[in-house]
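Shown next: run38.txt, given as compact mmCIF, C-alpha atoms.
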# COMPACT_ATOMS: atom_id res chain seq x y z
CA MET K 1 -90.15 37.41 6.05
CA GLY K 2 -92.04 34.70 7.82
CA THR K 3 -89.58 31.97 6.92
CA GLN K 4 -88.61 29.89 9.94
CA VAL K 5 -85.01 29.00 10.49
CA PRO K 6 -84.59 25.24 11.00
CA GLU K 7 -83.61 24.45 14.59
CA ASP K 8 -80.26 22.91 13.80
CA ALA K 9 -79.40 25.39 11.02
CA ILE K 10 -77.45 27.80 13.19
CA ALA K 11 -75.25 26.85 16.15
CA ARG K 12 -77.96 25.82 18.61
CA PRO K 13 -76.70 27.65 21.74
CA LEU K 14 -76.40 30.91 19.81
CA ARG K 15 -79.81 30.58 18.21
CA GLN K 16 -81.47 29.76 21.52
CA ALA K 17 -79.65 32.53 23.42
CA LEU K 18 -80.63 35.15 20.82
CA LEU K 19 -84.27 34.08 20.95
CA ASP K 20 -84.26 33.94 24.79
CA CYS K 21 -82.75 37.41 25.15
CA ALA K 22 -85.30 38.76 22.68
CA ALA K 23 -88.23 37.03 24.41
CA GLY K 24 -87.08 38.30 27.80
CA ARG K 25 -86.70 41.83 26.38
CA MET K 26 -83.23 41.86 27.89
CA SER K 27 -81.05 44.94 28.14
CA GLY K 28 -77.45 43.91 28.53
CA VAL K 29 -74.90 41.75 26.81
CA LEU K 30 -74.74 38.21 25.48
CA ARG K 31 -71.21 36.89 25.68
CA VAL K 32 -70.44 34.27 23.07
CA THR K 33 -67.39 32.05 23.52
CA GLY K 34 -65.99 30.09 20.62
CA HIS K 35 -64.06 30.76 17.44
CA PRO K 36 -64.53 33.61 16.95
CA SER K 37 -65.96 34.75 20.25
CA GLY K 38 -67.87 37.98 20.62
CA THR K 39 -70.33 40.18 22.44
CA ILE K 40 -73.88 40.96 21.37
CA HIS K 41 -75.48 44.02 22.95
CA PHE K 42 -79.23 44.10 23.60
CA ARG K 43 -81.61 46.88 24.48
CA GLU K 44 -85.12 45.78 25.42
CA GLY K 45 -84.75 42.57 23.47
CA ARG K 46 -83.35 44.12 20.32
CA ILE K 47 -79.76 43.88 19.12
CA ILE K 48 -78.12 47.29 19.11
CA ALA K 49 -74.48 46.27 18.53
CA ALA K 50 -72.28 43.21 18.08
CA GLU K 51 -68.53 42.95 18.39
CA THR K 52 -66.23 40.09 17.43
CA PRO K 53 -62.64 39.70 16.30
CA GLY K 54 -64.13 37.70 13.41
CA ALA K 55 -65.69 40.68 11.63
CA PRO K 56 -64.74 44.35 11.24
CA GLY K 57 -66.73 46.84 13.29
CA LEU K 58 -67.92 50.26 12.21
CA GLU K 59 -64.63 52.03 13.00
CA VAL K 60 -62.57 49.60 10.91
CA ILE K 61 -65.10 49.72 8.07
CA LEU K 62 -65.24 53.52 7.94
CA LEU K 63 -61.50 54.09 8.30
CA ARG K 64 -60.06 51.23 6.27
CA SER K 65 -62.40 51.86 3.35
CA LYS K 66 -61.27 55.50 3.59
CA ARG K 67 -64.87 56.63 3.97
CA LEU K 68 -63.69 58.69 6.95
CA ASP K 69 -60.24 59.87 7.88
CA GLU K 70 -58.89 59.23 11.35
CA SER K 71 -58.91 62.88 12.35
CA GLY K 72 -62.66 63.08 11.69
CA TRP K 73 -63.36 59.97 13.75
CA ASP K 74 -61.05 61.13 16.57
CA ALA K 75 -62.67 64.57 16.72
CA ALA K 76 -66.16 63.02 16.93
CA PHE K 77 -64.94 60.56 19.57
CA ALA K 78 -63.35 63.33 21.67
CA ALA K 79 -66.49 65.46 21.45
CA ALA K 80 -68.75 62.52 22.37
CA ALA K 81 -66.52 61.64 25.32
CA ALA K 82 -66.37 65.24 26.54
CA SER K 83 -70.08 66.00 26.27
CA GLY K 84 -71.45 62.54 27.02
CA SER K 85 -73.37 62.55 23.76
CA GLU K 86 -73.77 59.54 21.47
CA MET K 87 -70.93 58.91 19.04
CA ARG K 88 -73.61 58.31 16.40
CA ASP K 89 -74.99 61.84 16.86
CA GLU K 90 -71.51 63.38 16.73
CA LEU K 91 -70.69 61.66 13.44
CA VAL K 92 -73.93 62.91 11.91
CA ALA K 93 -73.75 66.41 13.40
CA ARG K 94 -70.28 66.84 11.91
CA ASP K 95 -71.58 65.85 8.47
CA LEU K 96 -69.13 62.94 8.40
CA VAL K 97 -71.83 60.43 7.52
CA GLY K 98 -75.58 60.65 6.80
CA VAL K 99 -78.19 59.40 9.30
CA GLY K 100 -79.59 56.84 6.87
CA GLU K 101 -76.16 55.76 5.72
CA LEU K 102 -74.96 55.26 9.30
CA GLN K 103 -78.04 53.19 10.12
CA ALA K 104 -77.45 51.05 7.05
CA LEU K 105 -73.76 50.57 7.87
CA LEU K 106 -74.50 49.70 11.51
CA ARG K 107 -77.18 47.21 10.55
CA ALA K 108 -74.80 45.61 8.07
CA ALA K 109 -72.02 45.48 10.70
CA VAL K 110 -74.31 43.84 13.29
CA ALA K 111 -75.49 41.23 10.77
CA ASP K 112 -71.88 40.60 9.73
CA ALA K 113 -70.67 40.10 13.32
CA VAL K 114 -73.48 37.66 14.15
CA PHE K 115 -72.84 35.79 10.90
CA ALA K 116 -69.11 35.52 11.73
CA MET K 117 -69.92 33.93 15.10
CA ALA K 118 -72.63 31.64 13.73
CA PHE K 119 -70.41 30.49 10.85
CA GLY K 120 -67.59 29.66 13.25
CA VAL K 121 -67.66 27.43 16.30
CA VAL K 122 -69.89 28.48 19.20
CA ASP K 123 -68.92 26.92 22.52
CA SER K 124 -71.29 28.69 24.87
CA CYS K 125 -73.42 31.80 25.34
CA ARG K 126 -73.92 33.67 28.59
CA ALA K 127 -76.41 36.48 29.05
CA GLU K 128 -75.44 39.30 31.41
CA PRO K 129 -78.48 41.49 31.93
CA ARG K 130 -76.86 44.78 32.78
CA ALA K 131 -76.53 47.88 30.73
CA VAL K 132 -73.18 48.28 29.03
CA GLY K 133 -72.91 51.00 26.45
CA PRO K 134 -71.13 50.10 23.24
CA LEU K 135 -69.56 53.02 21.40
CA VAL K 136 -72.00 53.23 18.50
CA THR K 137 -75.45 51.71 18.66
CA LEU K 138 -78.11 50.84 16.14
CA ASP K 139 -81.42 52.58 16.80
CA PRO K 140 -83.91 50.98 16.50
CA GLY K 141 -82.11 47.70 17.17
CA ALA K 142 -82.35 44.64 14.96
CA LYS K 143 -84.81 41.86 15.80
CA ALA K 144 -83.23 38.54 16.77
CA GLU K 145 -85.50 36.61 14.42
CA TRP K 146 -84.54 38.81 11.48
CA LEU K 147 -80.85 38.31 12.27
CA LEU K 148 -81.29 34.54 12.43
CA ILE K 149 -83.10 34.45 9.09
CA GLU K 150 -80.44 36.66 7.49
CA THR K 151 -77.63 34.53 8.97
CA TRP K 152 -79.29 31.35 7.73
CA ARG K 153 -79.68 32.83 4.24
CA ARG K 154 -75.96 33.66 4.20
CA ILE K 155 -74.86 30.23 5.39
CA GLN K 156 -77.07 28.57 2.77
CA LEU K 157 -75.73 30.75 -0.04
CA LEU K 158 -72.09 30.13 0.88
CA GLY K 159 -72.89 26.43 1.13
CA SER K 160 -74.11 26.47 -2.47
CA PHE K 161 -70.54 26.96 -3.69
CA PRO K 162 -68.67 23.68 -4.18
CA ASP K 163 -65.72 25.04 -2.22
CA PRO K 164 -66.71 28.20 -0.36
CA ALA K 165 -63.79 30.47 0.44
CA GLY K 166 -65.18 31.01 3.85
CA HIS K 167 -63.55 28.96 6.49
CA ALA K 168 -61.61 30.91 9.01
CA ARG K 169 -58.30 29.13 8.51
CA VAL K 170 -58.10 29.01 4.73
CA ARG K 171 -55.65 31.33 3.08
CA VAL K 172 -56.31 32.89 -0.24
CA VAL K 173 -53.90 33.09 -3.16
CA THR K 174 -54.30 34.44 -6.67
CA VAL K 175 -54.15 31.74 -9.35
CA PRO K 176 -50.80 32.09 -11.16
CA GLY K 177 -51.36 33.52 -14.61
CA ALA K 178 -54.98 34.47 -13.94
CA MET K 179 -54.15 38.15 -14.02
CA ARG K 180 -52.59 39.75 -17.07
CA PRO K 181 -50.82 43.09 -16.75
CA GLY K 182 -53.30 45.88 -17.29
CA LEU K 183 -56.36 43.68 -16.74
CA VAL K 184 -59.00 45.38 -14.61
CA LEU K 185 -61.69 43.19 -13.04
CA GLY K 186 -63.76 45.88 -11.32
CA GLY K 187 -66.39 45.28 -8.67
CA GLY K 188 -63.86 45.43 -5.84
CA ARG K 189 -62.10 42.30 -7.08
CA ASP K 190 -58.81 43.93 -8.04
CA GLU K 191 -58.04 44.85 -4.44
CA LEU K 192 -58.78 41.26 -3.35
CA VAL K 193 -56.51 39.84 -6.04
CA ALA K 194 -53.73 42.25 -5.07
CA LEU K 195 -53.88 41.23 -1.39
CA SER K 196 -54.42 37.48 -1.93
CA ASP K 197 -50.81 36.51 -1.32
CA GLY K 198 -51.33 33.11 0.28
CA ARG K 199 -50.92 34.45 3.78
CA ARG K 200 -54.21 36.23 4.33
CA THR K 201 -57.49 34.60 5.26
CA PRO K 202 -60.85 35.97 4.04
CA ARG K 203 -61.17 37.63 7.45
CA ASP K 204 -57.78 39.31 7.05
CA LEU K 205 -58.84 40.64 3.65
CA ALA K 206 -62.10 41.99 5.09
CA PHE K 207 -60.19 43.86 7.81
CA ALA K 208 -57.54 45.11 5.38
CA LEU K 209 -60.12 46.59 3.01
CA GLY K 210 -62.80 47.64 5.50
CA ARG K 211 -65.43 45.33 4.00
CA GLY K 212 -67.85 42.94 5.62
CA VAL K 213 -66.49 39.45 6.22
CA TYR K 214 -69.52 37.79 4.61
CA ALA K 215 -69.34 40.07 1.56
CA THR K 216 -65.65 39.20 1.27
CA MET K 217 -66.26 35.44 1.59
CA LEU K 218 -69.04 35.59 -1.00
CA GLN K 219 -66.91 37.59 -3.42
CA LEU K 220 -63.95 35.23 -2.92
CA SER K 221 -66.19 32.19 -3.45
CA ARG K 222 -67.37 33.65 -6.77
CA MET K 223 -63.80 34.49 -7.73
CA GLN K 224 -62.75 30.95 -6.90
CA ALA K 225 -65.54 29.61 -9.12
CA ASP K 226 -64.24 31.93 -11.86
CA GLY K 227 -60.72 30.53 -11.47
CA LEU K 228 -59.19 33.77 -10.20
CA ILE K 229 -58.16 32.67 -6.74
CA LEU K 230 -57.46 29.47 -4.82
CA THR K 231 -57.89 28.67 -1.17
CA ILE K 232 -55.32 26.67 0.71
CA SER K 233 -55.40 25.31 4.22
CA GLY K 234 -53.17 26.93 6.82
CA SER K 235 -50.60 24.13 6.79
CA ALA K 236 -50.26 24.36 3.03
CA ALA K 237 -49.68 28.10 3.15
CA SER K 238 -45.99 27.70 2.46
CA SER K 239 -46.90 26.38 -0.97
CA ALA K 240 -48.20 29.87 -1.65
CA GLU K 241 -44.63 30.95 -1.98
CA ALA K 242 -44.23 28.51 -4.86
CA ALA K 243 -47.34 30.00 -6.44
CA ASN K 244 -45.82 33.42 -5.96
CA GLY K 245 -42.83 32.59 -8.15
CA GLY K 246 -40.79 31.21 -5.26
CA ARG K 247 -40.76 34.52 -3.42
CA PRO K 248 -42.45 35.19 -0.13
CA PRO K 249 -45.08 37.90 -0.36
CA ALA K 250 -43.74 41.43 -0.13
CA PRO K 251 -44.15 43.12 3.23
CA GLU K 252 -47.09 45.51 3.36
CA ASP K 253 -45.10 48.66 3.97
CA GLY K 254 -42.48 47.77 1.40
CA GLN K 255 -39.63 48.86 3.67
CA ARG K 256 -36.54 46.72 3.59
CA THR K 257 -33.21 46.73 5.35
CA ALA K 258 -29.90 46.79 3.53
CA ASP K 259 -29.96 42.95 3.61
CA GLY K 260 -33.23 42.95 1.71
CA LEU K 261 -35.16 41.74 4.75
CA PRO K 262 -38.41 43.41 5.76
CA ARG K 263 -37.74 46.21 8.18
CA ARG K 264 -39.48 45.73 11.49
CA ARG K 265 -41.25 48.80 12.77
CA LYS K 266 -41.16 49.37 16.50
CA ASP K 267 -44.66 50.79 16.76
CA LEU K 268 -46.28 47.68 15.27
CA ALA K 269 -45.29 45.44 18.16
CA GLY K 270 -48.15 46.61 20.31
CA GLN K 271 -45.81 48.27 22.78
CA PRO K 272 -46.71 51.88 22.99
CA GLY K 273 -44.64 52.04 26.20
CA ARG K 274 -43.16 55.43 25.53
CA ALA K 275 -46.18 56.81 23.75
CA ASP K 276 -47.78 59.84 25.30
CA GLY K 277 -51.50 60.45 25.71
CA ARG K 278 -51.83 61.73 22.17
CA GLU K 279 -50.25 58.68 20.58
CA LEU K 280 -52.02 56.03 22.62
CA PRO K 281 -55.44 56.17 20.90
CA SER K 282 -53.91 55.76 17.47
CA ALA K 283 -51.62 52.95 18.71
CA PHE K 284 -54.58 50.99 20.00
CA ARG K 285 -56.55 51.76 16.88
CA LEU K 286 -53.72 50.21 14.89
CA LEU K 287 -54.10 47.08 17.00
CA ARG K 288 -57.86 47.04 16.47
CA LEU K 289 -57.47 47.54 12.74
CA ARG K 290 -55.00 44.68 12.58
CA TYR K 291 -56.48 42.23 15.02
CA GLY K 292 -60.10 43.19 15.34
CA GLU K 293 -62.58 44.46 17.87
CA GLY K 294 -62.09 43.53 21.46
CA THR K 295 -58.34 44.04 21.37
CA THR K 296 -57.44 45.61 24.66
CA PRO K 297 -54.18 46.97 25.96
CA GLY K 298 -52.17 44.03 27.28
CA GLY K 299 -55.14 41.71 26.92
CA THR K 300 -55.93 38.80 24.70
CA ARG K 301 -58.26 39.02 21.80
CA MET N 1 -89.30 54.59 13.78
CA SER N 2 -85.94 55.14 12.15
CA ASN N 3 -85.03 57.83 9.67
CA LEU N 4 -84.40 55.12 7.14
CA ASP N 5 -87.95 53.81 7.54
CA GLU N 6 -89.33 57.35 7.34
CA SER N 7 -87.57 57.98 4.02
CA LEU N 8 -88.84 54.67 2.67
CA ARG N 9 -92.39 55.47 3.80
CA GLU N 10 -92.27 58.72 1.85
CA ILE N 11 -91.35 56.71 -1.24
CA LEU N 12 -94.14 54.24 -0.50
CA ALA N 13 -96.52 57.21 -0.71
CA VAL N 14 -95.84 57.41 -4.47
CA ASP N 15 -99.08 56.35 -6.15
CA GLY N 16 -99.01 52.65 -7.01
CA ALA N 17 -96.01 51.76 -4.82
CA ARG N 18 -96.42 48.44 -2.99
CA VAL N 19 -92.97 47.95 -1.43
CA ALA N 20 -89.97 50.21 -0.88
CA ALA N 21 -86.75 48.68 0.38
CA LEU N 22 -83.07 49.38 0.77
CA VAL N 23 -80.92 46.42 -0.28
CA ASP N 24 -77.14 46.05 0.18
CA ILE N 25 -75.62 44.94 -3.14
CA ALA N 26 -72.54 43.20 -1.70
CA THR N 27 -74.51 40.93 0.64
CA GLY N 28 -78.06 40.95 -0.77
CA MET N 29 -79.29 41.89 2.70
CA VAL N 30 -82.51 43.86 3.14
CA VAL N 31 -81.32 46.78 5.25
CA SER N 32 -84.83 48.12 5.70
CA SER N 33 -88.18 47.67 4.02
CA VAL N 34 -91.73 49.01 4.24
CA GLY N 35 -94.97 47.97 2.55
CA ASP N 36 -96.48 44.63 1.62
CA GLU N 37 -93.30 42.55 1.36
CA GLY N 38 -94.68 39.03 1.38
CA PRO N 39 -92.92 35.97 2.80
CA ASP N 40 -90.33 35.53 0.04
CA PHE N 41 -89.16 39.12 -0.05
CA ALA N 42 -85.67 38.38 1.36
CA ALA N 43 -84.97 36.03 -1.56
CA ALA N 44 -86.41 38.52 -4.06
CA ALA N 45 -84.24 41.30 -2.62
CA ALA N 46 -81.12 39.15 -2.91
CA SER N 47 -82.00 38.65 -6.57
CA VAL N 48 -82.22 42.42 -7.03
CA ALA N 49 -78.67 42.67 -5.69
CA ASP N 50 -77.61 39.93 -8.14
CA GLU N 51 -79.22 41.87 -11.00
CA ALA N 52 -77.21 44.96 -10.07
CA ARG N 53 -74.01 42.94 -10.03
CA ALA N 54 -74.84 41.33 -13.37
CA ALA N 55 -75.63 44.72 -14.90
CA ARG N 56 -72.31 46.08 -13.69
CA THR N 57 -70.50 43.08 -15.19
CA MET N 58 -72.24 43.80 -18.48
CA LEU N 59 -71.19 47.46 -18.34
CA GLY N 60 -67.57 46.42 -17.83
CA PRO N 61 -65.01 47.59 -15.28
CA SER N 62 -64.33 50.94 -16.95
CA CYS N 63 -68.04 51.78 -17.53
CA PRO N 64 -67.54 53.76 -20.76
CA GLY N 65 -71.22 54.75 -20.71
CA GLY N 66 -71.15 55.88 -17.08
CA ASP N 67 -71.96 54.09 -13.84
CA LEU N 68 -75.05 51.99 -13.30
CA ASP N 69 -77.89 54.27 -12.21
CA GLU N 70 -81.15 52.35 -12.36
CA ILE N 71 -82.52 48.98 -13.41
CA THR N 72 -86.14 48.69 -14.52
CA LEU N 73 -87.91 45.36 -14.75
CA ILE N 74 -91.38 45.37 -16.31
CA THR N 75 -93.87 42.52 -16.14
CA THR N 76 -97.48 42.49 -17.31
CA ASP N 77 -98.65 43.66 -13.85
CA ARG N 78 -95.70 45.22 -12.12
CA ILE N 79 -92.79 47.57 -12.52
CA HIS N 80 -89.70 47.09 -10.37
CA LEU N 81 -87.41 50.08 -10.06
CA ALA N 82 -83.95 49.46 -8.63
CA ARG N 83 -82.14 52.74 -8.10
CA VAL N 84 -78.44 52.48 -7.25
CA LEU N 85 -77.24 54.55 -4.31
CA SER N 86 -73.46 54.71 -4.22
CA THR N 87 -71.82 54.11 -0.90
CA ARG N 88 -68.31 53.85 0.28
CA PRO N 89 -67.48 51.33 1.68
CA GLY N 90 -69.05 48.61 -0.40
CA ASP N 91 -70.63 48.08 -3.77
CA GLY N 92 -73.42 50.46 -2.93
CA MET N 93 -77.06 49.93 -2.10
CA VAL N 94 -80.17 49.60 -4.19
CA LEU N 95 -83.38 51.45 -3.50
CA PHE N 96 -85.94 48.90 -4.66
CA VAL N 97 -89.53 49.96 -5.38
CA ASP N 98 -92.26 47.55 -6.45
CA LEU N 99 -95.00 49.41 -8.36
CA ASP N 100 -98.44 48.43 -9.63
CA ARG N 101 -98.19 48.91 -13.39
CA SER N 102 -101.88 49.61 -13.93
CA ARG N 103 -101.85 52.49 -11.44
CA ILE N 104 -98.78 54.44 -12.42
CA ASN N 105 -97.34 56.67 -15.08
CA PHE N 106 -93.98 54.98 -15.43
CA ALA N 107 -91.95 58.05 -16.39
CA LEU N 108 -93.44 60.10 -13.57
CA ALA N 109 -92.91 57.36 -10.98
CA SER N 110 -89.30 56.89 -12.04
CA LEU N 111 -88.72 60.63 -11.79
CA ARG N 112 -90.33 60.84 -8.33
CA VAL N 113 -88.35 57.89 -6.99
CA GLY N 114 -85.16 59.34 -8.44
CA GLN N 115 -85.82 62.66 -6.74
CA MET N 116 -86.36 61.05 -3.35
CA ALA N 117 -83.60 58.44 -3.63
CA GLN N 118 -80.65 60.55 -2.50
CA ALA N 119 -82.41 61.51 0.73
CA VAL N 120 -82.55 57.87 1.88
CA LEU N 121 -78.90 57.70 2.92
CA ALA N 122 -78.54 61.39 3.77

Output the structure of this file as structure tokens.
Amino acid sequence: MGTQVPEDAIARPLRQALLDCAAGRMSGVLRVTGHPSGTIHFREGRIIAAETPGAPGLEVILLRSKRLDESGWDAAFAAAAASGSEMRDELVARDLVGVGELQALLRAAVADAVFAMAFGVVDSCRAEPRAVGPLVTLDPGAKAEWLLIETWRRIQLLGSFPDPAGHARVRVVTVPGAMRPGLVLGGGRDELVALSDGRRTPRDLAFALGRGVYATMLQLSRMQADGLILTISGSAASSAEAANGGRPPAPEDGQRTADGLPRRRKDLAGQPGRADGRELPSAFRLLRLRYGEGTTPGGTR
Amino acid sequence: MSNLDESLREILAVDGARVAALVDIATGMVVSSVGDEGPDFAAAAASVADEARAARTMLGPSCPGGDLDEITLITTDRIHLARVLSTRPGDGMVLFVDLDRSRINFALASLRVGQMAQAVLA
């Protein structure tokens, strides 16, 4: 993999900061501001974790894809917190996920997070050389150069579609009449079609299904080329209702009041004010699952 | 060295193996690779992922003959084995092995790779 990434191929401050942190064998964090922003964790110049609201992290991927159930994750988390051991080791020791599989998933999640930042708008990068421990780390970490080459490959491939379904603000809607009752597409496309209601962005779909954001964008771009879905800009999203037979998309939980309006659930407002210590972790998980990594109690994302 | 690399190195020890790699089907990303990859390996690996997708399309969504298990590509000099490892989440991964055709017994190599494949993600 000796291919060099052209200097202006990836947001220049991000590219330079990644290479600088690697060259300086930094241990610490690189804070990226932009849309989406994020944090890239380094250990001795290698990337061991990356978090951004633009791409689902390991917890979202494992839980939303139903690879793990919440009780399994919570038990591993509690044990890791109590004993001071690595979350990674707890997940493996409890036979929840294989060592090789976890490494593969973590590597994919790191590449996805860096791609999400590079594909968006990077305003600035600031290195903070101090050790901060992310929850789950990749060991051995990924090389910055490898990540840049992989990110460049992804950007090029998405760019090869005439109208890539990738941009953060586009919303995705199923083409009216493209799906016949009983038709099964396979390959993970049926779930995307079902959730493409004109209100969700590719990022929303990735979070909802626990898939990588790049994998989702690529799949959507192919589906768009096949005439299965359309992308619409945010301002045109209301036209999705026309595409949906004049009805707004059904609420996710399907609960309605007597008036036929979607029923609002108290616990979704991010106000676990009366929640006790047992409910809090799951309340904040709900926020993370909905809005991404880096969502903190009372904070901004 | 990671466990993933260790598993791949064991596969590389199969007589005639030149490269062993784990490739993510959904993204075409090389998760890990060992051996003599060459400069264009990332592009080649992405093509392996495309082959797996194309094969699945050919098999159809209901897979009446069973799920995709392995793709074999034979040239005059080489044999490429792409063994599908199912994962959830995602479309799965491919264990890709590039073998020197003149040095291997194809059936035996395929059997050996198949035996070691499940241990890669374990």

Region 96-108 of chain K environment, 8 Å, only C-alpha atoms, sequence neighbours closer than 5 positions dropped, as a short mmCIF file (atom, residue, chain, number, x, y, z; two decimals) with C-alpha atoms, in the frame of the given file:
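Heads up, here's the output in selection-v7.cif:
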data_model
loop_
_atom_site.label_atom_id
_atom_site.label_comp_id
_atom_site.auth_asym_id
_atom_site.auth_seq_id
_atom_site.Cartn_x
_atom_site.Cartn_y
_atom_site.Cartn_z
CA ALA K 49 -74.48 46.27 18.53
CA LEU K 58 -67.92 50.26 12.21
CA LEU K 68 -63.69 58.69 6.95
CA GLY K 72 -62.66 63.08 11.69
CA ARG K 88 -73.61 58.31 16.40
CA LEU K 91 -70.69 61.66 13.44
CA THR K 137 -75.45 51.71 18.66
CA LEU K 138 -78.11 50.84 16.14
CA ASP K 139 -81.42 52.58 16.80
CA ALA K 142 -82.35 44.64 14.96
CA GLY K 212 -67.85 42.94 5.62
CA ASN N 3 -85.03 57.83 9.67
CA LEU N 4 -84.40 55.12 7.14
CA MET N 29 -79.29 41.89 2.70
CA VAL N 31 -81.32 46.78 5.25
CA VAL N 120 -82.55 57.87 1.88
CA LEU N 121 -78.90 57.70 2.92
CA ALA N 122 -78.54 61.39 3.77
#

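In this structure, CA of Ile10 (chain K) sits 28.8 Å away from CA of Gly35 (chain N).
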
Contact residues around region 56-69 of chain N with all atoms listed in the file at 6 Å, ignoring same-chain residues under 3 positions, as a list in words = Leu185 and Gly186 of chain K; Arg53 and Val84 of chain N

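Using only C-alpha atoms, the shortest contact distance between chain K and any of N:Ala13, N:Ala82, N:Met93, N:Ile71 is found at N:Met93.
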
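CA of Val173 (chain K) sits 7.7 Å away from CA of Arg199 (chain K).
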
Return as JSON the centre and edge lengths, in Å with one decimal, of the box along x, y and z that encloses every atom of region 139-158 of chain K in the file, padded by 5 Å per side.
{"center_x": -78.8, "center_y": 40.6, "center_z": 8.6, "size_x": 23.4, "size_y": 34.0, "size_z": 27.2}

So which residues touch Arg203 (chain K) within 7 Å, counting all atoms listed in the file, skipping near sequence neighbours fewer than 4 positions away, as a compact mmCIF listing (two decimals) with C-alpha atoms, keeping the file's coordinate frame?
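For reference, selection-v7.txt as written:
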# COMPACT_ATOMS: atom_id res chain seq x y z
CA GLY K 54 -64.13 37.70 13.41
CA ALA K 55 -65.69 40.68 11.63
CA ALA K 168 -61.61 30.91 9.01
CA PHE K 207 -60.19 43.86 7.81
CA VAL K 213 -66.49 39.45 6.22

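With all atoms listed in the file as the atoms that count, the residue of N:Val14, N:Glu6, N:Arg83, N:Asp77 with the shortest distance to Arg112 (chain N) is N:Val14.
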
task = Measuring atom to atom with all atoms listed in the file, identify which of N:Val30, N:Ala17, N:Ile11, N:Ile104 is nearest to chain K.
result = N:Val30

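Between Phe42 (chain K) and the residues K:Arg94, K:Arg130, K:Arg15, K:Arg154, the shortest atom-to-atom distance, using all atoms listed in the file, involves K:Arg130.
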
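Using all atoms listed in the file, the residues found no farther than 9 Å from region 113-115 of chain N, other than those of its own chain fewer than 2 positions away, are Ile11, Val14, Glu70, Leu81, Arg83, Leu95, Val97, Leu108, Ala109, Ser110, Leu111, Ala117, Gln118 and Ala119 of chain N.
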
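When only C-alpha atoms are used to compute distances to chain K, the closest of the residues N:Leu73, N:Glu51, N:Arg88, N:Arg101 turns out to be N:Arg88.
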
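Between chain N and the residues K:Arg180, K:Arg67, K:Arg200, K:Arg126, the shortest atom-to-atom distance, using only C-alpha atoms, involves K:Arg67.
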
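Between CA of Ala20 (chain N) and CA of Ile61 (chain K) the interatomic distance comes to 26.4 Å.
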
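A cut-off of 7 Å from the point (-77.6, 41.7, -5.0), with only C-alpha atoms, picks out the residues Asp24, Ile25, Ala26, Thr27, Gly28, Ala46, Ser47, Val48, Ala49, Asp50, Glu51, Ala52 and Arg53 of chain N.
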
How would the residues just picked look written out with C-alpha atoms as a short mmCIF file (atom, residue, chain, number, x, y, z; two decimals), in the frame of the given file?
data_model
loop_
_atom_site.label_atom_id
_atom_site.label_comp_id
_atom_site.auth_asym_id
_atom_site.auth_seq_id
_atom_site.Cartn_x
_atom_site.Cartn_y
_atom_site.Cartn_z
CA ASP N 24 -77.14 46.05 0.18
CA ILE N 25 -75.62 44.94 -3.14
CA ALA N 26 -72.54 43.20 -1.70
CA THR N 27 -74.51 40.93 0.64
CA GLY N 28 -78.06 40.95 -0.77
CA ALA N 46 -81.12 39.15 -2.91
CA SER N 47 -82.00 38.65 -6.57
CA VAL N 48 -82.22 42.42 -7.03
CA ALA N 49 -78.67 42.67 -5.69
CA ASP N 50 -77.61 39.93 -8.14
CA GLU N 51 -79.22 41.87 -11.00
CA ALA N 52 -77.21 44.96 -10.07
CA ARG N 53 -74.01 42.94 -10.03
#

Extract region 17-43 of chain N from the coordinates I pasted, and write it as a CSV table (one decimal), in the first residue's frame (atoms kept: C-alpha atoms).
chain,number,residue,atom,x,y,z
N,17,ALA,CA,0.3,-18.9,0.0
N,18,ARG,CA,1.5,-15.5,-0.9
N,19,VAL,CA,-1.0,-13.2,0.8
N,20,ALA,CA,-3.6,-13.7,3.4
N,21,ALA,CA,-6.0,-10.8,4.2
N,22,LEU,CA,-9.3,-10.0,5.9
N,23,VAL,CA,-11.5,-7.8,3.8
N,24,ASP,CA,-14.7,-6.1,4.9
N,25,ILE,CA,-17.4,-6.7,2.2
N,26,ALA,CA,-19.5,-3.6,2.9
N,27,THR,CA,-16.7,-1.1,2.6
N,28,GLY,CA,-14.0,-3.0,0.6
N,29,MET,CA,-11.5,-2.1,3.4
N,30,VAL,CA,-8.5,-4.3,4.1
N,31,VAL,CA,-9.0,-4.9,7.9
N,32,SER,CA,-5.6,-6.7,8.1
N,33,SER,CA,-3.2,-8.4,5.7
N,34,VAL,CA,0.1,-10.3,5.8
N,35,GLY,CA,2.4,-11.5,3.1
N,36,ASP,CA,3.6,-9.9,-0.1
N,37,GLU,CA,0.7,-7.6,-0.8
N,38,GLY,CA,2.2,-5.3,-3.5
N,39,PRO,CA,1.3,-1.6,-4.0
N,40,ASP,CA,-2.1,-2.1,-5.5
N,41,PHE,CA,-3.4,-4.5,-3.0
N,42,ALA,CA,-6.0,-2.1,-1.5
N,43,ALA,CA,-7.7,-1.8,-4.9
